[in-house]
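Enquirer: Please read through the structure below; I'll follow up with questions.
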Amino acid sequence: MDYTGSEFYDNDANFAKYMERRQWQENANDTLEKPVILELIGAVQGKRILDLGCGDAKFAKDLFDLGCEEYCGIEGSANMVQAAAAAVKGYNASVIHTTMESWQPLHNTFDLVISRLAIHYIEDLDSLLLKIRQALKPGGSFIFSVEHPVITSTLQTSGTRTNWIVDNYFIEGYREQQWLGGTVQKYHRSIEQYYIALQQAGFRIDYLRESNPQRKNFSTDETYERRLRIPLFLFLSASK
Ligand SMILES: C[S@@+](CC[C@H](N)C(=O)[O-])C[C@H]1O[C@@H](n2cnc3c(N)ncnc32)[C@H](O)[C@@H]1O
């Protein structure tokens with residue numbers, strides 16, 4: 001059985017393994033992905049923020065601590081929505097259970113749209129980008145992270161990565177990955193393809209980043225040095 005991005009997390013065993021992995025000390029999300037996302041997002045005081053593929057929405061608390069005005073999460077997995085609803089309780093926040101594909105944007109509504117590690121599950125990126133642009137107020141930003149194209153080009157089952165074969169890099173599209181004991185569907189794009197898709201949707205691209213590790217985010221030299229070897233995440237920041 002292979003799953004779409006949302007279905008994967010609705011398998012209870014996959015969901016439990018994913019949530020457990022996120023608790024690991026020095027997990028890649030907290031040491032590599034979150035620091036760059038926070039840098040790119042910058043000041044959020046008074047902002048209305050939409051989070052596509054928000055997962056358990058734990059990030060909402062960070063955003064409210066930084067002064068954001070309102071948070072809305074879009075999430076396709078019922079397991080994740082349940083966790084997210086608990087995480088945002090008491091805040092000026094909502095979580096909508098729908099896929100990014102089915103989501104219908106309210107126009108000119110958000111100052112910032114973010115998406116963290118969810119867009120590599122999307123086949124039709126062009127349609128999604130048009131909706132994101134509609135949802136943004138003029139001058140608003142879209143900031144997202146995806147699994148790095150070096151990784152999605154040739155998804156391999158692996159334990160600890162010490163080297164990585166890159167193959168089929170310029171063949172865009174469908175991939176399957178054995179991950180956490182299940183099979184998940186993903187979509188590969190090269191860096192250039194992400195960049196061009198944003199431009200064609202009418203965005204101005206402001207920043208491109210990779211998950212270049214910073215020693216201060218690691219408790220051990222060993223993990224830091226290992227993370228210097230292979231890029232795990234790609235980030236783009238664009239504006240309307
Ligand atoms: C790797 S998790 C990341 C969650 C969260 N953004 C974070 O960084 O903690 C990917 C999330 O995207 C969601 N997702 C995947 N495909 C989706 C889709 N087509 N529509 C909505 N959510 C989707 C999954 O259910 C999952 O919660």
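Labels used: A, B, ... for chains in the order of the structure tokens, numbers from 1 for residues in each chain, and numbers from 1 for ligands as shown.
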Would you list the residues that come within 6 Å of ligand 1? Count only C-alpha atoms and all ligand atoms and give the answer as a tab-separated table (two decimals) with C-alpha atoms, in the first residue's frame.

Expert:
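out24.tsv, freshly written:
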```
chain	number	residue	atom	x	y	z
A	5	GLY	CA	1.24	12.71	1.87
A	6	SER	CA	-1.85	13.10	4.08
A	9	TYR	CA	0.10	10.26	8.48
A	53	GLY	CA	0.45	21.21	5.62
A	54	CYS	CA	0.74	22.47	9.19
A	55	GLY	CA	1.06	19.01	10.77
A	75	GLU	CA	-3.85	20.03	6.97
A	76	GLY	CA	-4.92	16.88	5.13
A	77	SER	CA	-4.38	14.25	7.81
A	80	MET	CA	-2.49	15.71	12.47
A	99	THR	CA	-5.86	18.97	1.39
A	100	MET	CA	-3.87	21.76	-0.22
A	101	GLU	CA	-5.36	20.58	-3.51
A	116	ARG	CA	7.19	23.47	6.00
A	117	LEU	CA	8.15	20.17	4.40
A	118	ALA	CA	4.77	19.52	2.76
A	121	TYR	CA	3.81	15.84	-1.60
A	122	ILE	CA	2.07	17.99	-4.24
```

Enquirer: Just want the 12 Å neighbourhood of stretch 201-207 of chain A, counted on only C-alpha atoms, with same-chain residues fewer than 4 positions away dropped. Output as a PyMOL selection string.

Expert: chain A and resi 36-37+39-41+125-134+136+138-145+194-197+234-240

Enquirer: Have a look at A:Glu176, A:Glu7, A:Glu26, A:Asp167 and name the one nearest to A:Asn79; count only C-alpha atoms.

Expert: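 Nearest to A:Asn79: A:Glu7.
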
Enquirer: Once DSSP has gone over the backbone, tell me which residues of stretch 27-184 of chain A are in alpha helix (DSSP H), as a PyMOL selection string.

Expert: chain A and resi 28+34-41+59-65+78-88+125-135+149-152

Enquirer: Return as a ChimeraX atom specification the full set of residues in stretch 19-99 of chain A whose backbone-based DSSP assignment is strand (DSSP E or B).

Expert: /A:48-52,70-75,93-97

Enquirer: Please produce an output containing all heavy atoms for each residue in the selection, written as a compact mmCIF listing (two decimals), in the first residue's frame.

Expert:
```
# COMPACT_ATOMS: atom_id res chain seq x y z
N ARG A 48 -1.13 38.11 9.87
CA ARG A 48 -2.04 36.96 9.70
C ARG A 48 -1.29 35.92 8.88
O ARG A 48 -0.83 36.22 7.77
CB ARG A 48 -3.30 37.39 8.94
CG ARG A 48 -4.09 38.45 9.65
CD ARG A 48 -5.36 38.77 8.88
NE ARG A 48 -6.35 37.69 9.06
CZ ARG A 48 -7.53 37.68 8.44
NH1 ARG A 48 -7.86 38.63 7.60
NH2 ARG A 48 -8.39 36.70 8.66
N ILE A 49 -1.18 34.72 9.43
CA ILE A 49 -0.30 33.70 8.83
C ILE A 49 -1.10 32.45 8.48
O ILE A 49 -1.89 31.95 9.29
CB ILE A 49 0.85 33.35 9.80
CG1 ILE A 49 1.66 34.60 10.13
CG2 ILE A 49 1.73 32.24 9.22
CD1 ILE A 49 2.78 34.40 11.13
N LEU A 50 -0.86 31.96 7.28
CA LEU A 50 -1.46 30.69 6.82
C LEU A 50 -0.35 29.66 6.71
O LEU A 50 0.70 29.94 6.12
CB LEU A 50 -2.12 30.91 5.45
CG LEU A 50 -2.74 29.68 4.80
CD1 LEU A 50 -4.02 29.27 5.53
CD2 LEU A 50 -3.06 29.96 3.33
N ASP A 51 -0.59 28.45 7.25
CA ASP A 51 0.43 27.40 7.26
C ASP A 51 -0.12 26.19 6.51
O ASP A 51 -1.04 25.51 6.99
CB ASP A 51 0.75 27.06 8.73
CG ASP A 51 1.92 26.10 8.88
OD1 ASP A 51 2.44 25.62 7.86
OD2 ASP A 51 2.31 25.83 10.04
N LEU A 52 0.45 25.91 5.35
CA LEU A 52 -0.06 24.82 4.49
C LEU A 52 0.64 23.50 4.83
O LEU A 52 1.88 23.43 4.78
CB LEU A 52 0.18 25.16 3.02
CG LEU A 52 -0.56 26.41 2.52
CD1 LEU A 52 -0.10 26.75 1.09
CD2 LEU A 52 -2.05 26.21 2.56
N GLU A 70 -2.76 36.25 13.89
CA GLU A 70 -3.71 35.17 13.63
C GLU A 70 -3.00 34.05 12.88
O GLU A 70 -2.14 34.32 12.03
CB GLU A 70 -4.87 35.71 12.78
CG GLU A 70 -5.96 34.70 12.55
CD GLU A 70 -7.02 35.20 11.55
OE1 GLU A 70 -7.11 36.43 11.35
OE2 GLU A 70 -7.70 34.34 10.98
N TYR A 71 -3.39 32.81 13.18
CA TYR A 71 -2.76 31.64 12.54
C TYR A 71 -3.87 30.75 11.99
O TYR A 71 -4.86 30.47 12.69
CB TYR A 71 -1.94 30.87 13.56
CG TYR A 71 -1.36 29.56 13.07
CD1 TYR A 71 -0.08 29.48 12.54
CD2 TYR A 71 -2.10 28.37 13.18
CE1 TYR A 71 0.45 28.28 12.10
CE2 TYR A 71 -1.57 27.16 12.75
CZ TYR A 71 -0.29 27.12 12.22
OH TYR A 71 0.24 25.91 11.80
N CYS A 72 -3.71 30.31 10.75
CA CYS A 72 -4.64 29.34 10.18
C CYS A 72 -3.82 28.20 9.57
O CYS A 72 -2.91 28.44 8.77
CB CYS A 72 -5.50 30.00 9.11
SG CYS A 72 -6.60 28.84 8.28
N GLY A 73 -4.11 26.98 9.97
CA GLY A 73 -3.42 25.82 9.43
C GLY A 73 -4.32 25.07 8.46
O GLY A 73 -5.53 24.93 8.70
N ILE A 74 -3.73 24.59 7.38
CA ILE A 74 -4.43 23.72 6.43
C ILE A 74 -3.74 22.37 6.53
O ILE A 74 -2.51 22.29 6.40
CB ILE A 74 -4.29 24.27 4.98
CG1 ILE A 74 -4.90 25.65 4.85
CG2 ILE A 74 -4.86 23.28 3.95
CD1 ILE A 74 -6.40 25.72 4.97
N GLU A 75 -4.50 21.31 6.75
CA GLU A 75 -3.85 20.03 6.97
C GLU A 75 -4.76 18.90 6.47
O GLU A 75 -5.95 18.87 6.76
CB GLU A 75 -3.55 19.89 8.48
CG GLU A 75 -3.05 18.55 8.94
CD GLU A 75 -1.83 18.03 8.17
OE1 GLU A 75 -0.83 18.73 8.01
OE2 GLU A 75 -1.91 16.86 7.71
N ALA A 93 -6.59 31.23 16.48
CA ALA A 93 -6.08 30.29 15.47
C ALA A 93 -7.17 29.31 15.05
O ALA A 93 -8.10 29.04 15.80
CB ALA A 93 -4.90 29.52 16.04
N SER A 94 -7.02 28.78 13.85
CA SER A 94 -7.94 27.74 13.38
C SER A 94 -7.14 26.71 12.58
O SER A 94 -6.07 27.03 12.04
CB SER A 94 -9.02 28.36 12.49
OG SER A 94 -8.42 29.10 11.46
N VAL A 95 -7.66 25.52 12.51
CA VAL A 95 -7.04 24.47 11.69
C VAL A 95 -8.14 23.89 10.83
O VAL A 95 -9.20 23.50 11.34
CB VAL A 95 -6.40 23.37 12.56
CG1 VAL A 95 -5.82 22.27 11.69
CG2 VAL A 95 -5.32 23.95 13.46
N ILE A 96 -7.91 23.86 9.52
CA ILE A 96 -8.93 23.37 8.59
C ILE A 96 -8.47 22.02 8.03
O ILE A 96 -7.34 21.89 7.55
CB ILE A 96 -9.14 24.38 7.45
CG1 ILE A 96 -9.60 25.73 8.04
CG2 ILE A 96 -10.16 23.87 6.43
CD1 ILE A 96 -9.65 26.87 7.02
N HIS A 97 -9.38 21.04 8.15
CA HIS A 97 -9.05 19.70 7.65
C HIS A 97 -9.39 19.61 6.16
O HIS A 97 -10.52 19.34 5.78
CB HIS A 97 -9.82 18.65 8.45
CG HIS A 97 -9.44 17.25 8.08
ND1 HIS A 97 -10.16 16.15 8.46
CD2 HIS A 97 -8.38 16.77 7.36
CE1 HIS A 97 -9.58 15.04 7.98
NE2 HIS A 97 -8.51 15.40 7.32
```
